[in-house]
>>> print(open('query_38.cif').read())   # mmCIF, N, CA and C atoms
data_input
loop_
_atom_site.label_atom_id
_atom_site.label_comp_id
_atom_site.auth_asym_id
_atom_site.auth_seq_id
_atom_site.Cartn_x
_atom_site.Cartn_y
_atom_site.Cartn_z
N MET C 1 91.11 137.51 120.10
CA MET C 1 91.29 138.40 118.96
C MET C 1 90.34 137.95 117.86
N ASN C 2 89.54 138.85 117.35
CA ASN C 2 88.61 138.45 116.30
C ASN C 2 89.28 138.52 114.93
N HIS C 3 88.57 138.06 113.93
CA HIS C 3 89.07 137.96 112.56
C HIS C 3 89.57 139.30 112.04
N PHE C 4 88.95 140.41 112.43
CA PHE C 4 89.31 141.72 111.88
C PHE C 4 90.53 142.33 112.56
N GLN C 5 90.93 141.82 113.70
CA GLN C 5 92.10 142.35 114.40
C GLN C 5 93.36 141.57 114.06
N GLN C 6 93.25 140.53 113.30
CA GLN C 6 94.40 139.69 112.98
C GLN C 6 95.20 140.26 111.82
N SER C 7 96.43 139.81 111.72
CA SER C 7 97.31 140.25 110.65
C SER C 7 96.77 139.77 109.30
N PRO C 8 97.14 140.47 108.23
CA PRO C 8 96.73 140.01 106.90
C PRO C 8 97.18 138.58 106.61
N ALA C 9 98.36 138.20 107.10
CA ALA C 9 98.85 136.84 106.88
C ALA C 9 97.96 135.81 107.57
N ALA C 10 97.53 136.12 108.80
CA ALA C 10 96.65 135.20 109.52
C ALA C 10 95.30 135.08 108.83
N ILE C 11 94.79 136.19 108.32
CA ILE C 11 93.51 136.17 107.61
C ILE C 11 93.63 135.32 106.34
N LEU C 12 94.72 135.52 105.60
CA LEU C 12 94.95 134.73 104.39
C LEU C 12 95.08 133.26 104.73
N LEU C 13 95.81 132.95 105.77
CA LEU C 13 96.00 131.57 106.19
C LEU C 13 94.67 130.92 106.54
N ARG C 14 93.83 131.62 107.30
CA ARG C 14 92.53 131.06 107.66
C ARG C 14 91.67 130.85 106.41
N ASP C 15 91.68 131.81 105.51
CA ASP C 15 90.90 131.67 104.26
C ASP C 15 91.36 130.45 103.47
N GLN C 16 92.68 130.26 103.39
CA GLN C 16 93.21 129.11 102.66
C GLN C 16 92.86 127.80 103.36
N PHE C 17 92.90 127.82 104.67
CA PHE C 17 92.54 126.64 105.46
C PHE C 17 91.07 126.31 105.23
N GLN C 18 90.21 127.32 105.19
CA GLN C 18 88.79 127.08 104.94
C GLN C 18 88.56 126.54 103.54
N THR C 19 89.35 126.99 102.58
CA THR C 19 89.24 126.46 101.21
C THR C 19 89.61 124.99 101.19
N LEU C 20 90.71 124.64 101.84
CA LEU C 20 91.10 123.23 101.91
C LEU C 20 90.01 122.42 102.61
N ASP C 21 89.46 122.95 103.67
CA ASP C 21 88.40 122.26 104.40
C ASP C 21 87.20 122.00 103.50
N SER C 22 86.85 122.98 102.68
CA SER C 22 85.72 122.85 101.76
C SER C 22 86.00 121.79 100.69
N VAL C 23 87.17 121.85 100.10
CA VAL C 23 87.54 120.87 99.07
C VAL C 23 87.60 119.48 99.70
N GLY C 24 88.18 119.39 100.89
CA GLY C 24 88.23 118.11 101.59
C GLY C 24 86.85 117.54 101.86
N ALA C 25 85.92 118.40 102.20
CA ALA C 25 84.54 117.96 102.43
C ALA C 25 83.92 117.40 101.15
N GLN C 26 84.22 118.04 100.02
CA GLN C 26 83.70 117.54 98.74
C GLN C 26 84.22 116.14 98.44
N LEU C 27 85.43 115.85 98.91
CA LEU C 27 86.03 114.53 98.69
C LEU C 27 85.76 113.57 99.84
N ALA C 28 84.96 113.99 100.81
CA ALA C 28 84.62 113.19 101.99
C ALA C 28 85.88 112.79 102.76
N MET C 29 86.86 113.71 102.83
CA MET C 29 88.08 113.46 103.60
C MET C 29 87.80 113.67 105.08
N ASP C 30 88.25 112.74 105.88
CA ASP C 30 88.10 112.94 107.32
C ASP C 30 89.20 113.86 107.85
N GLU C 31 89.06 114.27 109.09
CA GLU C 31 90.02 115.20 109.69
C GLU C 31 91.42 114.61 109.75
N GLU C 32 91.53 113.33 109.99
CA GLU C 32 92.84 112.69 110.08
C GLU C 32 93.58 112.80 108.75
N ARG C 33 92.89 112.59 107.68
CA ARG C 33 93.55 112.71 106.36
C ARG C 33 93.93 114.16 106.09
N ARG C 34 93.11 115.09 106.46
CA ARG C 34 93.44 116.51 106.30
C ARG C 34 94.66 116.87 107.13
N ARG C 35 94.73 116.35 108.33
CA ARG C 35 95.89 116.60 109.19
C ARG C 35 97.16 116.06 108.54
N ARG C 36 97.08 114.85 108.03
CA ARG C 36 98.26 114.23 107.41
C ARG C 36 98.69 114.96 106.15
N ILE C 37 97.75 115.38 105.32
CA ILE C 37 98.11 116.05 104.08
C ILE C 37 98.81 117.38 104.35
N LEU C 38 98.53 117.98 105.52
CA LEU C 38 99.19 119.24 105.91
C LEU C 38 100.45 119.01 106.75
N LEU C 39 100.76 117.75 107.01
CA LEU C 39 101.96 117.38 107.78
C LEU C 39 101.98 118.02 109.17
N ILE C 40 100.82 118.02 109.81
CA ILE C 40 100.70 118.57 111.16
C ILE C 40 100.63 117.41 112.15
N ASP C 41 101.42 117.47 113.22
CA ASP C 41 101.39 116.38 114.18
C ASP C 41 100.09 116.39 114.99
N ARG C 42 99.81 115.26 115.57
CA ARG C 42 98.53 115.09 116.29
C ARG C 42 98.37 116.08 117.44
N GLN C 43 99.47 116.43 118.12
CA GLN C 43 99.37 117.34 119.25
C GLN C 43 99.01 118.75 118.80
N ALA C 44 99.48 119.17 117.63
CA ALA C 44 99.21 120.52 117.13
C ALA C 44 97.87 120.64 116.42
N TRP C 45 97.31 119.54 115.96
CA TRP C 45 96.09 119.57 115.16
C TRP C 45 94.92 120.28 115.85
N PRO C 46 94.64 120.00 117.13
CA PRO C 46 93.53 120.71 117.78
C PRO C 46 93.70 122.23 117.77
N GLN C 47 94.93 122.70 117.88
CA GLN C 47 95.18 124.14 117.82
C GLN C 47 94.82 124.70 116.46
N TRP C 48 95.13 123.96 115.41
CA TRP C 48 94.81 124.41 114.04
C TRP C 48 93.32 124.37 113.79
N LEU C 49 92.63 123.39 114.36
CA LEU C 49 91.17 123.36 114.22
C LEU C 49 90.53 124.55 114.93
N ARG C 50 91.05 124.92 116.11
CA ARG C 50 90.55 126.10 116.80
C ARG C 50 90.82 127.36 115.97
N PHE C 51 91.99 127.44 115.36
CA PHE C 51 92.32 128.57 114.49
C PHE C 51 91.32 128.66 113.33
N LEU C 52 91.00 127.52 112.74
CA LEU C 52 90.04 127.48 111.63
C LEU C 52 88.70 128.06 112.07
N ARG C 53 88.36 127.87 113.33
CA ARG C 53 87.08 128.37 113.87
C ARG C 53 87.27 129.70 114.60
N ASN C 54 88.18 130.53 114.10
CA ASN C 54 88.45 131.88 114.60
C ASN C 54 89.22 131.93 115.91
N GLY C 55 89.93 130.86 116.24
CA GLY C 55 90.79 130.88 117.41
C GLY C 55 92.12 131.53 117.11
N PRO C 56 93.02 131.52 118.09
CA PRO C 56 94.34 132.13 117.90
C PRO C 56 95.21 131.34 116.92
N LEU C 57 96.12 132.05 116.30
CA LEU C 57 97.04 131.45 115.34
C LEU C 57 98.10 130.62 116.07
N PRO C 58 98.21 129.33 115.76
CA PRO C 58 99.26 128.52 116.38
C PRO C 58 100.65 128.98 115.93
N ALA C 59 101.62 128.76 116.79
CA ALA C 59 102.99 129.19 116.48
C ALA C 59 103.68 128.27 115.47
N GLN C 60 103.33 127.00 115.50
CA GLN C 60 104.00 126.03 114.62
C GLN C 60 102.98 125.20 113.88
N PRO C 61 103.24 124.87 112.66
CA PRO C 61 104.28 125.39 111.77
C PRO C 61 104.07 126.88 111.50
N ALA C 62 105.14 127.54 111.12
CA ALA C 62 105.10 128.98 110.86
C ALA C 62 104.18 129.30 109.69
N VAL C 63 103.69 130.53 109.66
CA VAL C 63 102.73 130.97 108.64
C VAL C 63 103.22 130.69 107.22
N PRO C 64 104.45 131.06 106.83
CA PRO C 64 104.87 130.79 105.44
C PRO C 64 104.86 129.30 105.10
N VAL C 65 105.24 128.47 106.06
CA VAL C 65 105.24 127.02 105.85
C VAL C 65 103.81 126.52 105.65
N MET C 66 102.90 126.96 106.51
CA MET C 66 101.51 126.53 106.39
C MET C 66 100.87 127.02 105.10
N LEU C 67 101.19 128.24 104.68
CA LEU C 67 100.63 128.74 103.42
C LEU C 67 101.08 127.87 102.25
N ARG C 68 102.35 127.48 102.24
CA ARG C 68 102.83 126.60 101.16
C ARG C 68 102.14 125.25 101.21
N ARG C 69 102.03 124.69 102.41
CA ARG C 69 101.38 123.38 102.56
C ARG C 69 99.92 123.44 102.12
N LEU C 70 99.21 124.49 102.56
CA LEU C 70 97.81 124.63 102.19
C LEU C 70 97.63 124.82 100.70
N ALA C 71 98.48 125.64 100.09
CA ALA C 71 98.38 125.88 98.64
C ALA C 71 98.61 124.59 97.87
N ALA C 72 99.65 123.85 98.23
CA ALA C 72 99.97 122.61 97.52
C ALA C 72 98.85 121.58 97.70
N ALA C 73 98.38 121.41 98.92
CA ALA C 73 97.34 120.43 99.19
C ALA C 73 96.03 120.80 98.49
N THR C 74 95.65 122.06 98.56
CA THR C 74 94.39 122.50 97.93
C THR C 74 94.47 122.33 96.42
N PHE C 75 95.60 122.65 95.83
CA PHE C 75 95.76 122.49 94.39
C PHE C 75 95.61 121.02 94.00
N ARG C 76 96.29 120.13 94.71
CA ARG C 76 96.20 118.70 94.39
C ARG C 76 94.78 118.18 94.55
N LEU C 77 94.13 118.57 95.64
CA LEU C 77 92.77 118.09 95.88
C LEU C 77 91.77 118.68 94.90
N ALA C 78 91.93 119.94 94.53
CA ALA C 78 91.04 120.55 93.54
C ALA C 78 91.17 119.83 92.20
N ALA C 79 92.38 119.41 91.84
CA ALA C 79 92.57 118.67 90.60
C ALA C 79 91.82 117.34 90.65
N VAL C 80 91.81 116.70 91.80
CA VAL C 80 91.08 115.43 91.96
C VAL C 80 89.58 115.69 91.81
N VAL C 81 89.08 116.76 92.44
CA VAL C 81 87.65 117.10 92.33
C VAL C 81 87.29 117.35 90.87
N GLU C 82 88.12 118.10 90.14
CA GLU C 82 87.85 118.38 88.73
C GLU C 82 87.79 117.11 87.90
N ARG C 83 88.73 116.21 88.12
CA ARG C 83 88.76 114.95 87.36
C ARG C 83 87.48 114.14 87.59
N HIS C 84 86.97 114.17 88.82
CA HIS C 84 85.77 113.39 89.15
C HIS C 84 84.50 114.09 88.68
N ALA C 85 84.57 115.39 88.41
CA ALA C 85 83.39 116.14 87.99
C ALA C 85 83.12 115.98 86.51
N VAL C 86 84.12 115.55 85.76
CA VAL C 86 83.97 115.44 84.29
C VAL C 86 83.25 114.21 83.91
#
>>> encode(input="query_38.cif", output="structure tokens")
Amino acid sequence: MNHFQQSPAAILLRDQFQTLDSVGAQLAMDEERRRRILLIDRQAWPQWLRFLRNGPLPAQPAVPVMLRRLAAATFRLAAVVERHAV
């Protein structure tokens, strides 16, 4: 299923995940730290990385849970980036 055939929630989730990925890159965060900040277990992490690269949406954690986790993590990390930019 390509990006345009996915639900609006999946598209939003991928966009938020890409934002976190970008902010994490600015902070030189490795994938392990990104996985931990999102509270995703090691077995599920490869599925989420495939999703980030236009793969299928993993079943767990559920979309609303992941959206909250991504929003909270991105907000905290963006605040760190801002503090270091001043």
>>> closest_residue(input="query_38.cif", among="C:Ala85, C:Arg14, C:Ala79, C:Ala9", to="Asn54 (chain C)", atoms="all atoms listed in the file")
C:Arg14
>>> closest_residue(input="query_38.cif", among="C:Leu27, C:Leu20, C:Arg33, C:Gln47", to="Phe75 (chain C)", atoms="all atoms listed in the file")
C:Leu20
>>> atom_distance(input="query_38.cif", atom1="CA of Gln6 (chain C)", atom2="atom C of Val23 (chain C)")
25.1 Å
>>> closest_residue(input="query_38.cif", among="C:Gly24, C:Arg36, C:Phe17, C:Ser7", to="Arg50 (chain C)", atoms="only C-alpha atoms")
C:Phe17
>>> select_by_dssp(input="query_38.cif", residues="region 8-46 of chain C", states="alpha helix (DSSP H)", output="PyMOL selection string")
chain C and resi 8-26+31-37+45-46
>>> write_last_selection(input="query_38.cif", atoms="N, CA and C atoms", output="PDB file, in the coordinates of the input")
ATOM      1  N   PRO C   8      97.140 140.470 108.230  1.00  0.00           N
ATOM      2  CA  PRO C   8      96.730 140.010 106.900  1.00  0.00           C
ATOM      3  C   PRO C   8      97.180 138.580 106.610  1.00  0.00           C
ATOM      4  N   ALA C   9      98.360 138.200 107.100  1.00  0.00           N
ATOM      5  CA  ALA C   9      98.850 136.840 106.880  1.00  0.00           C
ATOM      6  C   ALA C   9      97.960 135.810 107.570  1.00  0.00           C
ATOM      7  N   ALA C  10      97.530 136.120 108.800  1.00  0.00           N
ATOM      8  CA  ALA C  10      96.650 135.200 109.520  1.00  0.00           C
ATOM      9  C   ALA C  10      95.300 135.080 108.830  1.00  0.00           C
ATOM     10  N   ILE C  11      94.790 136.190 108.320  1.00  0.00           N
ATOM     11  CA  ILE C  11      93.510 136.170 107.610  1.00  0.00           C
ATOM     12  C   ILE C  11      93.630 135.320 106.340  1.00  0.00           C
ATOM     13  N   LEU C  12      94.720 135.520 105.600  1.00  0.00           N
ATOM     14  CA  LEU C  12      94.950 134.730 104.390  1.00  0.00           C
ATOM     15  C   LEU C  12      95.080 133.260 104.730  1.00  0.00           C
ATOM     16  N   LEU C  13      95.810 132.950 105.770  1.00  0.00           N
ATOM     17  CA  LEU C  13      96.000 131.570 106.190  1.00  0.00           C
ATOM     18  C   LEU C  13      94.670 130.920 106.540  1.00  0.00           C
ATOM     19  N   ARG C  14      93.830 131.620 107.300  1.00  0.00           N
ATOM     20  CA  ARG C  14      92.530 131.060 107.660  1.00  0.00           C
ATOM     21  C   ARG C  14      91.670 130.850 106.410  1.00  0.00           C
ATOM     22  N   ASP C  15      91.680 131.810 105.510  1.00  0.00           N
ATOM     23  CA  ASP C  15      90.900 131.670 104.260  1.00  0.00           C
ATOM     24  C   ASP C  15      91.360 130.450 103.470  1.00  0.00           C
ATOM     25  N   GLN C  16      92.680 130.260 103.390  1.00  0.00           N
ATOM     26  CA  GLN C  16      93.210 129.110 102.660  1.00  0.00           C
ATOM     27  C   GLN C  16      92.860 127.800 103.360  1.00  0.00           C
ATOM     28  N   PHE C  17      92.900 127.820 104.670  1.00  0.00           N
ATOM     29  CA  PHE C  17      92.540 126.640 105.460  1.00  0.00           C
ATOM     30  C   PHE C  17      91.070 126.310 105.230  1.00  0.00           C
ATOM     31  N   GLN C  18      90.210 127.320 105.190  1.00  0.00           N
ATOM     32  CA  GLN C  18      88.790 127.080 104.940  1.00  0.00           C
ATOM     33  C   GLN C  18      88.560 126.540 103.540  1.00  0.00           C
ATOM     34  N   THR C  19      89.350 126.990 102.580  1.00  0.00           N
ATOM     35  CA  THR C  19      89.240 126.460 101.210  1.00  0.00           C
ATOM     36  C   THR C  19      89.610 124.990 101.190  1.00  0.00           C
ATOM     37  N   LEU C  20      90.710 124.640 101.840  1.00  0.00           N
ATOM     38  CA  LEU C  20      91.100 123.230 101.910  1.00  0.00           C
ATOM     39  C   LEU C  20      90.010 122.420 102.610  1.00  0.00           C
ATOM     40  N   ASP C  21      89.460 122.950 103.670  1.00  0.00           N
ATOM     41  CA  ASP C  21      88.400 122.260 104.400  1.00  0.00           C
ATOM     42  C   ASP C  21      87.200 122.000 103.500  1.00  0.00           C
ATOM     43  N   SER C  22      86.850 122.980 102.680  1.00  0.00           N
ATOM     44  CA  SER C  22      85.720 122.850 101.760  1.00  0.00           C
ATOM     45  C   SER C  22      86.000 121.790 100.690  1.00  0.00           C
ATOM     46  N   VAL C  23      87.170 121.850 100.100  1.00  0.00           N
ATOM     47  CA  VAL C  23      87.540 120.870  99.070  1.00  0.00           C
ATOM     48  C   VAL C  23      87.600 119.480  99.700  1.00  0.00           C
ATOM     49  N   GLY C  24      88.180 119.390 100.890  1.00  0.00           N
ATOM     50  CA  GLY C  24      88.230 118.110 101.590  1.00  0.00           C
ATOM     51  C   GLY C  24      86.850 117.540 101.860  1.00  0.00           C
ATOM     52  N   ALA C  25      85.920 118.400 102.200  1.00  0.00           N
ATOM     53  CA  ALA C  25      84.540 117.960 102.430  1.00  0.00           C
ATOM     54  C   ALA C  25      83.920 117.400 101.150  1.00  0.00           C
ATOM     55  N   GLN C  26      84.220 118.040 100.020  1.00  0.00           N
ATOM     56  CA  GLN C  26      83.700 117.540  98.740  1.00  0.00           C
ATOM     57  C   GLN C  26      84.220 116.140  98.440  1.00  0.00           C
ATOM     58  N   GLU C  31      89.060 114.270 109.090  1.00  0.00           N
ATOM     59  CA  GLU C  31      90.020 115.200 109.690  1.00  0.00           C
ATOM     60  C   GLU C  31      91.420 114.610 109.750  1.00  0.00           C
ATOM     61  N   GLU C  32      91.530 113.330 109.990  1.00  0.00           N
ATOM     62  CA  GLU C  32      92.840 112.690 110.080  1.00  0.00           C
ATOM     63  C   GLU C  32      93.580 112.800 108.750  1.00  0.00           C
ATOM     64  N   ARG C  33      92.890 112.590 107.680  1.00  0.00           N
ATOM     65  CA  ARG C  33      93.550 112.710 106.360  1.00  0.00           C
ATOM     66  C   ARG C  33      93.930 114.160 106.090  1.00  0.00           C
ATOM     67  N   ARG C  34      93.110 115.090 106.460  1.00  0.00           N
ATOM     68  CA  ARG C  34      93.440 116.510 106.300  1.00  0.00           C
ATOM     69  C   ARG C  34      94.660 116.870 107.130  1.00  0.00           C
ATOM     70  N   ARG C  35      94.730 116.350 108.330  1.00  0.00           N
ATOM     71  CA  ARG C  35      95.890 116.600 109.190  1.00  0.00           C
ATOM     72  C   ARG C  35      97.160 116.060 108.540  1.00  0.00           C
ATOM     73  N   ARG C  36      97.080 114.850 108.030  1.00  0.00           N
ATOM     74  CA  ARG C  36      98.260 114.230 107.410  1.00  0.00           C
ATOM     75  C   ARG C  36      98.690 114.960 106.150  1.00  0.00           C
ATOM     76  N   ILE C  37      97.750 115.380 105.320  1.00  0.00           N
ATOM     77  CA  ILE C  37      98.110 116.050 104.080  1.00  0.00           C
ATOM     78  C   ILE C  37      98.810 117.380 104.350  1.00  0.00           C
ATOM     79  N   TRP C  45      97.310 119.540 115.960  1.00  0.00           N
ATOM     80  CA  TRP C  45      96.090 119.570 115.160  1.00  0.00           C
ATOM     81  C   TRP C  45      94.920 120.280 115.850  1.00  0.00           C
ATOM     82  N   PRO C  46      94.640 120.000 117.130  1.00  0.00           N
ATOM     83  CA  PRO C  46      93.530 120.710 117.780  1.00  0.00           C
ATOM     84  C   PRO C  46      93.700 122.230 117.770  1.00  0.00           C
TER      85      PRO C  46
END
>>> atom_distance(input="query_38.cif", atom1="CA of Trp48 (chain C)", atom2="CA of Met66 (chain C)")
10.4 Å
>>> axis_aligned_box(input="query_38.cif", around="region 40-51 of chain C", padding_each_side="8 Å", output="AutoDock Vina command-line options")
--center_x 96.0 --center_y 121.9 --center_z 114.5 --size_x 26.9 --size_y 29.6 --size_z 25.4
>>> closest_residue(input="query_38.cif", among="C:Asp15, C:Ala72, C:Pro64, C:Val81", to="Ile37 (chain C)", atoms="only C-alpha atoms")
C:Ala72
>>> atom_distance(input="query_38.cif", atom1="CA of Leu57 (chain C)", atom2="CA of Ala10 (chain C)")
6.9 Å
